[in-house]
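Engineer: File follows, coords33.cif with mmCIF, C-alpha atoms, pLDDT in the B column; chains and numbers go by the auth columns:
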```
data_work
loop_
_atom_site.group_PDB
_atom_site.id
_atom_site.type_symbol
_atom_site.label_atom_id
_atom_site.label_comp_id
_atom_site.label_asym_id
_atom_site.label_seq_id
_atom_site.Cartn_x
_atom_site.Cartn_y
_atom_site.Cartn_z
_atom_site.B_iso_or_equiv
_atom_site.auth_seq_id
_atom_site.auth_asym_id
ATOM 1 C CA GLY A 1 6.285 10.861 -29.327 67.00 153 A
ATOM 2 C CA GLY A 2 7.005 13.517 -26.752 79.00 154 A
ATOM 3 C CA GLU A 3 9.263 16.519 -27.170 83.00 155 A
ATOM 4 C CA ARG A 4 12.223 17.170 -24.892 82.00 156 A
ATOM 5 C CA VAL A 5 12.009 20.673 -23.467 79.00 157 A
ATOM 6 C CA GLN A 6 14.817 20.560 -20.876 80.00 158 A
ATOM 7 C CA SER A 7 17.745 18.392 -19.806 82.00 159 A
ATOM 8 C CA THR A 8 19.205 18.327 -16.304 81.00 160 A
ATOM 9 C CA LEU A 9 22.779 17.122 -15.893 80.00 161 A
ATOM 10 C CA LEU A 10 23.996 15.608 -12.637 84.00 162 A
ATOM 11 C CA PRO A 11 27.772 16.075 -12.656 82.00 163 A
ATOM 12 C CA LYS A 12 28.766 13.002 -10.603 85.00 164 A
ATOM 13 C CA HIS A 13 25.627 10.871 -10.485 88.00 165 A
ATOM 14 C CA TYR A 14 23.339 8.816 -12.644 88.00 166 A
ATOM 15 C CA SER A 15 19.610 9.105 -12.065 89.00 167 A
ATOM 16 C CA CYS A 16 17.967 5.660 -11.809 86.00 168 A
ATOM 17 C CA GLY A 17 14.538 6.844 -10.632 89.00 169 A
ATOM 18 C CA ALA A 18 12.398 9.986 -10.623 92.00 170 A
ATOM 19 C CA ASP A 19 9.056 11.287 -9.457 92.00 171 A
ATOM 20 C CA ILE A 20 7.207 14.627 -9.591 91.00 172 A
ATOM 21 C CA ASN A 21 4.854 16.278 -7.148 91.00 173 A
ATOM 22 C CA PRO A 22 2.716 18.575 -9.325 89.00 174 A
ATOM 23 C CA VAL A 23 1.119 20.196 -6.261 89.00 175 A
ATOM 24 C CA THR A 24 4.393 21.613 -4.931 88.00 176 A
ATOM 25 C CA ARG A 25 6.175 21.682 -8.324 89.00 177 A
ATOM 26 C CA THR A 26 8.959 19.484 -6.985 90.00 178 A
ATOM 27 C CA MET A 27 10.939 16.735 -8.710 91.00 179 A
ATOM 28 C CA PHE A 28 12.859 13.970 -6.945 92.00 180 A
ATOM 29 C CA LEU A 29 15.738 12.028 -8.485 92.00 181 A
ATOM 30 C CA ALA A 30 17.412 8.890 -7.129 92.00 182 A
ATOM 31 C CA GLY A 31 21.104 9.597 -7.707 89.00 183 A
ATOM 32 C CA VAL A 32 23.734 6.846 -7.993 88.00 184 A
ATOM 33 C CA LYS A 33 27.408 7.731 -8.284 84.00 185 A
ATOM 34 C CA ARG A 34 28.866 7.147 -11.713 84.00 186 A
ATOM 35 C CA GLU A 35 31.951 5.196 -10.638 81.00 187 A
ATOM 36 C CA ALA A 36 32.504 3.023 -7.582 77.00 188 A
ATOM 37 C CA HIS A 37 35.668 4.946 -6.639 82.00 189 A
ATOM 38 C CA ASP A 38 34.065 8.408 -6.896 81.00 190 A
ATOM 39 C CA PRO A 39 34.257 10.255 -3.537 87.00 191 A
ATOM 40 C CA VAL A 40 30.531 11.060 -3.491 88.00 192 A
ATOM 41 C CA ASP A 41 27.569 9.487 -1.746 87.00 193 A
ATOM 42 C CA PRO A 42 24.284 8.364 -3.267 89.00 194 A
ATOM 43 C CA CYS A 43 21.761 11.204 -3.083 89.00 195 A
ATOM 44 C CA ILE A 44 18.116 12.059 -3.428 91.00 196 A
ATOM 45 C CA PHE A 45 18.116 15.229 -5.490 90.00 197 A
ATOM 46 C CA VAL A 46 15.345 17.786 -4.999 91.00 198 A
ATOM 47 C CA LEU A 47 14.534 20.046 -7.954 90.00 199 A
ATOM 48 C CA GLY A 48 12.083 22.936 -8.046 90.00 200 A
ATOM 49 C CA GLN A 49 10.161 24.390 -10.969 86.00 201 A
ATOM 50 C CA ASP A 50 10.155 28.101 -11.653 82.00 202 A
ATOM 51 C CA GLN A 51 7.330 30.147 -13.141 80.00 203 A
ATOM 52 C CA LYS A 52 8.690 29.612 -16.648 81.00 204 A
ATOM 53 C CA GLY A 53 8.556 25.836 -16.277 80.00 205 A
ATOM 54 C CA GLY A 54 12.283 25.230 -15.899 87.00 206 A
ATOM 55 C CA TRP A 55 13.774 22.887 -13.303 89.00 207 A
ATOM 56 C CA ALA A 56 16.719 23.717 -11.032 87.00 208 A
ATOM 57 C CA GLU A 57 18.286 21.868 -8.126 87.00 209 A
ATOM 58 C CA LYS A 58 17.160 23.113 -4.698 87.00 210 A
ATOM 59 C CA GLY A 59 19.179 20.690 -2.627 86.00 211 A
ATOM 60 C CA ASN A 60 19.803 17.022 -1.972 86.00 212 A
ATOM 61 C CA LEU A 61 19.543 14.370 0.709 87.00 213 A
ATOM 62 C CA SER A 62 22.979 12.785 0.920 86.00 214 A
ATOM 63 C CA ARG A 63 23.007 9.119 1.994 87.00 215 A
ATOM 64 C CA PRO A 64 26.477 8.207 3.349 84.00 216 A
ATOM 65 C CA GLY A 65 26.836 4.489 4.005 82.00 217 A
ATOM 66 C CA THR A 66 24.223 3.657 1.388 86.00 218 A
ATOM 67 C CA LYS A 67 25.420 1.720 -1.631 86.00 219 A
ATOM 68 C CA ILE A 68 22.541 2.653 -3.926 87.00 220 A
ATOM 69 C CA VAL A 69 19.221 4.502 -3.927 90.00 221 A
ATOM 70 C CA ALA A 70 17.284 2.433 -6.438 90.00 222 A
ATOM 71 C CA SER A 71 13.939 4.213 -6.533 91.00 223 A
ATOM 72 C CA VAL A 72 12.168 7.225 -5.094 93.00 224 A
ATOM 73 C CA LYS A 73 8.458 8.093 -4.852 93.00 225 A
ATOM 74 C CA CYS A 74 6.481 10.977 -3.375 92.00 226 A
ATOM 75 C CA ILE A 75 3.814 9.178 -1.331 90.00 227 A
ATOM 76 C CA ASP A 76 1.814 12.133 0.058 86.00 228 A
ATOM 77 C CA LYS A 77 1.544 14.705 -2.704 84.00 229 A
ATOM 78 C CA ASN A 78 -1.377 16.687 -1.291 82.00 230 A
ATOM 79 C CA ASN A 79 0.199 17.310 2.115 80.00 231 A
ATOM 80 C CA GLY A 80 3.757 18.212 1.217 77.00 232 A
ATOM 81 C CA ASN A 81 6.754 16.257 0.053 83.00 233 A
ATOM 82 C CA PHE A 82 6.959 12.952 1.912 89.00 234 A
ATOM 83 C CA VAL A 83 9.319 10.714 -0.034 91.00 235 A
ATOM 84 C CA ALA A 84 9.847 6.941 0.129 92.00 236 A
ATOM 85 C CA ALA A 85 13.237 5.701 -1.095 91.00 237 A
ATOM 86 C CA CYS A 86 14.520 2.164 -1.725 91.00 238 A
ATOM 87 C CA GLU A 87 18.052 1.857 -0.359 91.00 239 A
ATOM 88 C CA ASN A 88 20.752 -0.775 -0.036 87.00 240 A
ATOM 89 C CA VAL A 89 22.901 -0.390 3.095 85.00 241 A
ATOM 90 C CA PRO A 90 25.659 -3.068 2.992 79.00 242 A
ATOM 91 C CA LEU A 91 27.008 -2.408 6.515 72.00 243 A
ATOM 92 C CA GLU A 92 23.691 -3.011 8.283 71.00 244 A
ATOM 93 C CA ASP A 93 22.346 -6.381 9.449 75.00 245 A
ATOM 94 C CA LYS A 94 19.221 -5.827 7.335 76.00 246 A
ATOM 95 C CA GLN A 95 20.649 -4.326 4.198 86.00 247 A
ATOM 96 C CA HIS A 96 17.515 -3.683 2.138 91.00 248 A
ATOM 97 C CA ILE A 97 15.438 -0.843 3.542 91.00 249 A
ATOM 98 C CA ILE A 98 12.724 1.655 2.668 93.00 250 A
ATOM 99 C CA SER A 99 13.267 5.101 4.151 92.00 251 A
ATOM 100 C CA ILE A 100 10.639 7.841 4.583 91.00 252 A
ATOM 101 C CA TYR A 101 11.817 11.457 4.394 90.00 253 A
ATOM 102 C CA ASP A 102 10.038 14.715 5.108 87.00 254 A
ATOM 103 C CA VAL A 103 11.551 17.024 2.543 84.00 255 A
ATOM 104 C CA ASN A 104 9.432 19.937 3.781 77.00 256 A
ATOM 105 C CA HIS A 105 11.280 20.339 7.071 64.00 257 A
ATOM 106 C CA ALA A 106 14.508 18.319 6.831 52.00 258 A
ATOM 107 C CA SER A 107 17.775 19.941 5.949 55.00 259 A
ATOM 108 C CA HIS A 108 18.659 18.904 2.416 54.00 260 A
ATOM 109 C CA SER A 109 22.278 18.346 3.377 48.00 261 A
ATOM 110 C CA GLN A 110 21.722 16.330 6.583 60.00 262 A
ATOM 111 C CA GLY A 111 18.231 14.938 6.262 71.00 263 A
ATOM 112 C CA LYS A 112 17.468 11.859 8.367 82.00 264 A
ATOM 113 C CA PRO A 113 14.602 9.476 7.635 87.00 265 A
ATOM 114 C CA LEU A 114 11.434 9.683 9.697 88.00 266 A
ATOM 115 C CA GLN A 115 10.836 5.936 9.412 90.00 267 A
ATOM 116 C CA VAL A 116 12.799 2.933 8.172 91.00 268 A
ATOM 117 C CA TYR A 117 11.345 -0.460 7.179 92.00 269 A
ATOM 118 C CA HIS A 118 13.437 -3.660 6.990 89.00 270 A
ATOM 119 C CA ASP A 119 11.066 -6.505 6.030 91.00 271 A
ATOM 120 C CA HIS A 120 12.442 -7.176 2.518 93.00 272 A
ATOM 121 C CA ALA A 121 15.129 -9.855 2.254 90.00 273 A
ATOM 122 C CA ASP A 122 16.623 -8.818 -1.093 91.00 274 A
ATOM 123 C CA PHE A 123 17.193 -5.811 -3.325 91.00 275 A
ATOM 124 C CA ILE A 124 14.141 -3.487 -3.416 93.00 276 A
ATOM 125 C CA THR A 125 13.478 -2.425 -6.977 91.00 277 A
ATOM 126 C CA CYS A 126 10.437 -0.137 -6.826 92.00 278 A
ATOM 127 C CA VAL A 127 8.012 1.706 -4.580 93.00 279 A
ATOM 128 C CA GLU A 128 4.562 3.074 -5.440 93.00 280 A
ATOM 129 C CA ALA A 129 2.039 5.282 -3.623 92.00 281 A
ATOM 130 C CA HIS A 130 -1.568 4.304 -2.946 92.00 282 A
ATOM 131 C CA PRO A 131 -3.887 6.341 -5.218 89.00 283 A
ATOM 132 C CA LEU A 132 -6.379 7.146 -2.419 90.00 284 A
ATOM 133 C CA ASP A 133 -4.754 6.627 0.985 91.00 285 A
ATOM 134 C CA LYS A 134 -1.890 9.023 1.763 89.00 286 A
ATOM 135 C CA ASP A 135 -0.449 6.732 4.451 91.00 287 A
ATOM 136 C CA VAL A 136 -0.292 3.521 2.390 94.00 288 A
ATOM 137 C CA PHE A 137 2.319 2.576 -0.202 94.00 289 A
ATOM 138 C CA PHE A 138 3.688 -0.550 -1.888 95.00 290 A
ATOM 139 C CA SER A 139 7.113 -1.985 -2.704 95.00 291 A
ATOM 140 C CA GLY A 140 8.514 -4.746 -4.902 94.00 292 A
ATOM 141 C CA SER A 141 11.731 -6.668 -4.350 94.00 293 A
ATOM 142 C CA ARG A 142 13.934 -9.392 -5.763 92.00 294 A
ATOM 143 C CA ASP A 143 12.843 -11.543 -2.833 92.00 295 A
ATOM 144 C CA CYS A 144 9.727 -12.206 -4.959 94.00 296 A
ATOM 145 C CA THR A 145 7.347 -10.313 -2.687 94.00 297 A
ATOM 146 C CA VAL A 146 5.157 -7.239 -3.034 95.00 298 A
ATOM 147 C CA ARG A 147 4.554 -5.637 0.345 95.00 299 A
ATOM 148 C CA THR A 148 2.006 -3.122 1.574 95.00 300 A
ATOM 149 C CA TRP A 149 3.068 -0.527 4.121 95.00 301 A
ATOM 150 C CA ASP A 150 1.173 1.885 6.339 94.00 302 A
ATOM 151 C CA ARG A 151 3.008 4.839 7.859 92.00 303 A
ATOM 152 C CA ARG A 152 0.776 4.598 10.933 92.00 304 A
ATOM 153 C CA ILE A 153 2.314 1.152 11.640 90.00 305 A
ATOM 154 C CA ARG A 154 5.987 1.834 12.118 84.00 306 A
ATOM 155 C CA ASP A 155 7.579 -1.574 12.688 82.00 307 A
ATOM 156 C CA ARG A 156 6.394 -3.905 9.898 88.00 308 A
ATOM 157 C CA CYS A 157 4.499 -4.245 6.641 92.00 309 A
ATOM 158 C CA VAL A 158 0.745 -4.771 6.857 93.00 310 A
ATOM 159 C CA SER A 159 0.457 -7.411 4.114 93.00 311 A
ATOM 160 C CA CYS A 160 2.602 -9.389 1.690 93.00 312 A
ATOM 161 C CA LEU A 161 1.984 -10.975 -1.702 92.00 313 A
ATOM 162 C CA GLY A 162 4.345 -13.792 -2.637 88.00 314 A
ATOM 163 C CA GLU A 163 6.862 -15.926 -0.807 73.00 315 A
ATOM 164 C CA GLY A 164 10.405 -14.807 -0.116 62.00 316 A
ATOM 165 C CA GLY A 165 13.099 -16.593 -2.079 50.00 317 A
ATOM 166 C CA GLY A 166 10.887 -17.254 -5.086 45.00 318 A
ATOM 167 C CA ARG A 167 9.753 -20.689 -3.910 43.00 319 A
ATOM 168 C CA GLY A 168 6.194 -21.954 -3.936 41.00 320 A
ATOM 169 C CA THR A 169 3.005 -20.489 -5.289 43.00 321 A
ATOM 170 C CA PRO A 170 2.507 -16.764 -4.649 47.00 322 A
ATOM 171 C CA ARG A 171 0.019 -16.184 -1.881 52.00 323 A
ATOM 172 C CA TRP A 172 -1.445 -13.286 0.016 51.00 324 A
ATOM 173 C CA SER A 173 -0.816 -12.935 3.722 56.00 325 A
ATOM 174 C CA ARG A 174 -1.921 -10.227 6.072 62.00 326 A
ATOM 175 C CA ALA A 175 -0.018 -9.169 9.172 57.00 327 A
ATOM 176 C CA SER A 176 -2.071 -9.625 12.319 47.00 328 A
ATOM 177 C CA THR A 177 -2.993 -6.660 14.451 46.00 329 A
ATOM 178 C CA PRO A 178 -3.994 -6.675 18.134 42.00 330 A
ATOM 179 C CA SER A 179 -7.654 -6.269 17.199 44.00 331 A
ATOM 180 C CA GLN A 180 -7.453 -9.319 14.924 47.00 332 A
ATOM 181 C CA THR A 181 -5.809 -11.590 17.489 41.00 333 A
ATOM 182 C CA ARG A 182 -8.565 -11.165 20.058 44.00 334 A
ATOM 183 C CA SER A 183 -11.294 -13.793 19.629 45.00 335 A
ATOM 184 C CA SER A 184 -14.808 -12.474 19.183 46.00 336 A
ATOM 185 C CA PRO A 185 -17.981 -14.089 20.583 46.00 337 A
ATOM 186 C CA GLN A 186 -19.035 -15.022 17.042 50.00 338 A
ATOM 187 C CA ALA A 187 -15.699 -16.777 16.399 46.00 339 A
ATOM 188 C CA SER A 188 -15.886 -18.678 19.707 46.00 340 A
ATOM 189 C CA ARG A 189 -19.374 -19.951 18.871 48.00 341 A
ATOM 190 C CA ARG A 190 -18.244 -21.106 15.426 49.00 342 A
ATOM 191 C CA SER A 191 -15.187 -22.992 16.735 47.00 343 A
ATOM 192 C CA SER A 192 -15.729 -26.159 18.743 45.00 344 A
ATOM 193 C CA SER A 193 -13.436 -28.856 20.100 47.00 345 A
ATOM 194 C CA PRO A 194 -13.360 -32.337 18.513 53.00 346 A
ATOM 195 C CA GLY A 195 -16.224 -34.564 19.580 52.00 347 A
ATOM 196 C CA THR A 196 -18.535 -31.724 20.558 50.00 348 A
ATOM 197 C CA SER A 197 -21.199 -30.041 18.526 50.00 349 A
ATOM 198 C CA ALA A 198 -21.512 -26.337 18.060 50.00 350 A
ATOM 199 C CA THR A 199 -24.163 -24.510 20.084 52.00 351 A
ATOM 200 C CA PRO A 200 -27.268 -23.984 17.927 52.00 352 A
ATOM 201 C CA ARG A 201 -28.147 -20.409 17.208 54.00 353 A
ATOM 202 C CA ALA A 202 -31.302 -19.035 18.793 54.00 354 A
ATOM 203 C CA PRO A 203 -34.010 -17.836 16.421 52.00 355 A
ATOM 204 C CA SER A 204 -34.125 -14.163 15.712 48.00 356 A
ATOM 205 C CA PRO A 205 -36.723 -12.292 17.812 49.00 357 A
ATOM 206 C CA ARG A 206 -37.897 -10.505 14.717 48.00 358 A
ATOM 207 C CA TYR A 207 -38.577 -13.737 12.819 42.00 359 A
ATOM 208 C CA PRO A 208 -39.170 -16.424 15.492 46.00 360 A
ATOM 209 C CA SER A 209 -40.449 -19.033 13.066 44.00 361 A
ATOM 210 C CA THR A 210 -39.278 -20.206 9.674 45.00 362 A
ATOM 211 C CA THR A 211 -42.884 -20.687 8.506 46.00 363 A
ATOM 212 C CA VAL A 212 -43.930 -17.870 6.224 45.00 364 A
ATOM 213 C CA PRO A 213 -47.590 -16.749 6.675 49.00 365 A
ATOM 214 C CA SER A 214 -49.809 -17.264 3.669 47.00 366 A
ATOM 215 C CA SER A 215 -50.556 -13.558 3.564 48.00 367 A
ATOM 216 C CA ARG A 216 -46.875 -12.919 2.835 48.00 368 A
ATOM 217 C CA CYS A 217 -46.632 -15.443 0.008 45.00 369 A
ATOM 218 C CA ARG A 218 -46.076 -14.038 -3.409 53.00 370 A
ATOM 219 C CA HIS A 219 -48.832 -16.185 -4.972 53.00 371 A
ATOM 220 C CA PRO A 220 -52.078 -16.635 -2.947 55.00 372 A
ATOM 221 C CA PRO A 221 -53.471 -20.196 -2.542 58.00 373 A
ATOM 222 C CA PRO A 222 -56.088 -21.329 -5.114 59.00 374 A
ATOM 223 C CA ARG A 223 -59.718 -20.738 -4.286 64.00 375 A
ATOM 224 C CA ALA A 224 -62.064 -23.625 -3.476 61.00 376 A
ATOM 225 C CA PRO A 225 -64.499 -24.483 -6.324 58.00 377 A
ATOM 226 C CA SER A 226 -67.969 -23.017 -5.978 55.00 378 A
ATOM 227 C CA ALA A 227 -71.072 -25.178 -5.528 53.00 379 A
ATOM 228 C CA ARG A 228 -72.215 -24.445 -9.062 52.00 380 A
ATOM 229 C CA THR A 229 -68.964 -25.558 -10.574 48.00 381 A
ATOM 230 C CA ALA A 230 -68.718 -28.694 -8.467 48.00 382 A
ATOM 231 C CA SER A 231 -72.290 -30.004 -9.040 47.00 383 A
ATOM 232 C CA SER A 232 -72.716 -29.960 -12.788 49.00 384 A
ATOM 233 C CA PRO A 233 -71.442 -28.269 -15.894 52.00 385 A
ATOM 234 C CA CYS A 234 -73.084 -25.086 -17.015 49.00 386 A
ATOM 235 C CA PRO A 235 -76.195 -25.563 -19.205 50.00 387 A
ATOM 236 C CA ARG A 236 -75.845 -24.704 -22.821 49.00 388 A
#
```
For the file at hand, write its structure as structure tokens.

Structural biologist:
Amino acid sequence: GGERVQSTLLPKHYSCGADINPVTRTMFLAGVKREAHDPVDPCIFVLGQDQKGGWAEKGNLSRPGTKIVASVKCIDKNNGNFVAACENVPLEDKQHIISIYDVNHASHSQGKPLQVYHDHADFITCVEAHPLDKDVFFSGSRDCTVRTWDRRIRDRCVSCLGEGGGRGTPRWSRASTPSQTRSSPQASRRSSSPGTSATPRAPSPRYPSTTVPSSRCRHPPPRAPSARTASSPCPR
């Protein structure tokens, strides 16, 4: 097993999620208040590592009006500290949200999210970064869906695995984009109305005929028998 080298105590919060950015030597903790009546707000704690390897709190992102910050993940580790957090906001119409924070430039005491996503219909339990694409991340929820998000698309998820509410067989659906809704010439040729036949495709100019020349066959045709072989057998 591993060896504990340091413990960090949060005086008025429990930590229910954590992530580390090794590039910037920064740790993020999802802080939940210990008791419901405690006069503190849920927080995202930001810890920095010193040259000796110890961790100390550098600040926090306080979330007033949020009931719980369930998970936190650094989604762009090579370009700073962009953090995705799963939050439950009971006073909003859409209570279950994913918030994106820029910890590099936001004030730790009054940081506001850069983007907020609302597609989940139930408690969001986890969020995970894409291993190759810095703009893409994933989330899982109690609504029985796993959703894919792209920070370049600000108003919705880009795809969804599963069906909300836990009913039916899980399936994969992809959100349509403007480029996907426009019909292409190839799609219009393939689709035809009932009672009509599709337009036949013209032969390719490079290969106008389906007949393959004999010179291009893998095995050449058999030779015709010679006159000597056809007349009589060879003398002994």

Engineer: Point out the residue among A:Phe275, A:Phe197, A:Tyr269, A:Phe180 with the least atom-to-atom distance to A:Leu162, counting all atoms listed in the file.

Structural biologist: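 Checking each candidate against A:Leu162, we get A:Phe197 as the closest.
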
Engineer: For A:Ser291, which residue among A:His270, A:Lys229, A:Lys164, A:Lys246 is the nearest when counting all atoms listed in the file?

Structural biologist: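 Residue with the minimum atom-to-atom distance to A:Ser291: A:His270.
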
Engineer: Can you list, as a VMD selection string, the residues that the PyMOL selection byres ((chain A and resi 278) around 6) selects here?

Structural biologist: chain A and resid 223 277 279 291 to 292

Engineer: Please, what distance in Å, to one decimal, runs between atom CA of A:Val224 and atom CA of A:Val198?

Structural biologist: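 Distance between the two atoms: 11.0 Å.
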
Engineer: So what does the PyMOL selection byres ((chain A and resi 252) around 12) actually pick up in this one, as a VMD selection string?

Structural biologist: chain A and resid 196 213 224 to 228 233 to 239 249 to 251 253 to 255 258 263 to 269 279 287 to 289 301 to 303 306

Engineer: Suppose we keep C-alpha atoms; can you now write the selection as a compact mmCIF listing (two decimals), in the frame of the given file?

Structural biologist:
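Written output follows (part.txt):
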```
# COMPACT_ATOMS: atom_id res chain seq x y z
CA ILE A 196 18.12 12.06 -3.43
CA LEU A 213 19.54 14.37 0.71
CA VAL A 224 12.17 7.22 -5.09
CA LYS A 225 8.46 8.09 -4.85
CA CYS A 226 6.48 10.98 -3.38
CA ILE A 227 3.81 9.18 -1.33
CA ASP A 228 1.81 12.13 0.06
CA ASN A 233 6.75 16.26 0.05
CA PHE A 234 6.96 12.95 1.91
CA VAL A 235 9.32 10.71 -0.03
CA ALA A 236 9.85 6.94 0.13
CA ALA A 237 13.24 5.70 -1.10
CA CYS A 238 14.52 2.16 -1.72
CA GLU A 239 18.05 1.86 -0.36
CA ILE A 249 15.44 -0.84 3.54
CA ILE A 250 12.72 1.66 2.67
CA SER A 251 13.27 5.10 4.15
CA TYR A 253 11.82 11.46 4.39
CA ASP A 254 10.04 14.72 5.11
CA VAL A 255 11.55 17.02 2.54
CA ALA A 258 14.51 18.32 6.83
CA GLY A 263 18.23 14.94 6.26
CA LYS A 264 17.47 11.86 8.37
CA PRO A 265 14.60 9.48 7.64
CA LEU A 266 11.43 9.68 9.70
CA GLN A 267 10.84 5.94 9.41
CA VAL A 268 12.80 2.93 8.17
CA TYR A 269 11.34 -0.46 7.18
CA VAL A 279 8.01 1.71 -4.58
CA ASP A 287 -0.45 6.73 4.45
CA VAL A 288 -0.29 3.52 2.39
CA PHE A 289 2.32 2.58 -0.20
CA TRP A 301 3.07 -0.53 4.12
CA ASP A 302 1.17 1.88 6.34
CA ARG A 303 3.01 4.84 7.86
CA ARG A 306 5.99 1.83 12.12
```

Engineer: So that I can check the surroundings of stretch 205-211 of chain A, please list as a list in words every protein, DNA and RNA residue that reaches within 10 Å of it, counting all atoms listed in the file and ignoring chain neighbours fewer than 4 positions away.

Structural biologist: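 My list of contacting residues is Val157, Gln158, Ser159, Thr160, Leu162, Arg177, Thr178, Met179, Phe180, Cys195, Ile196, Phe197, Val198, Leu199, Gly200, Gln201, Val255, Ser259, His260 and Ser261 of chain A.
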
Engineer: Any idea what the distance is between atom CA of A:His282 and atom CA of A:Pro174?

Structural biologist: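 Computing the Euclidean distance for atom CA of A:His282 and atom CA of A:Pro174 yields 16.2 Å.
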
Engineer: So how far away is atom CA of A:Gly183 from atom CA of A:Gln203, in Å?

Structural biologist: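 Here the two named atoms are 25.3 Å from each other.
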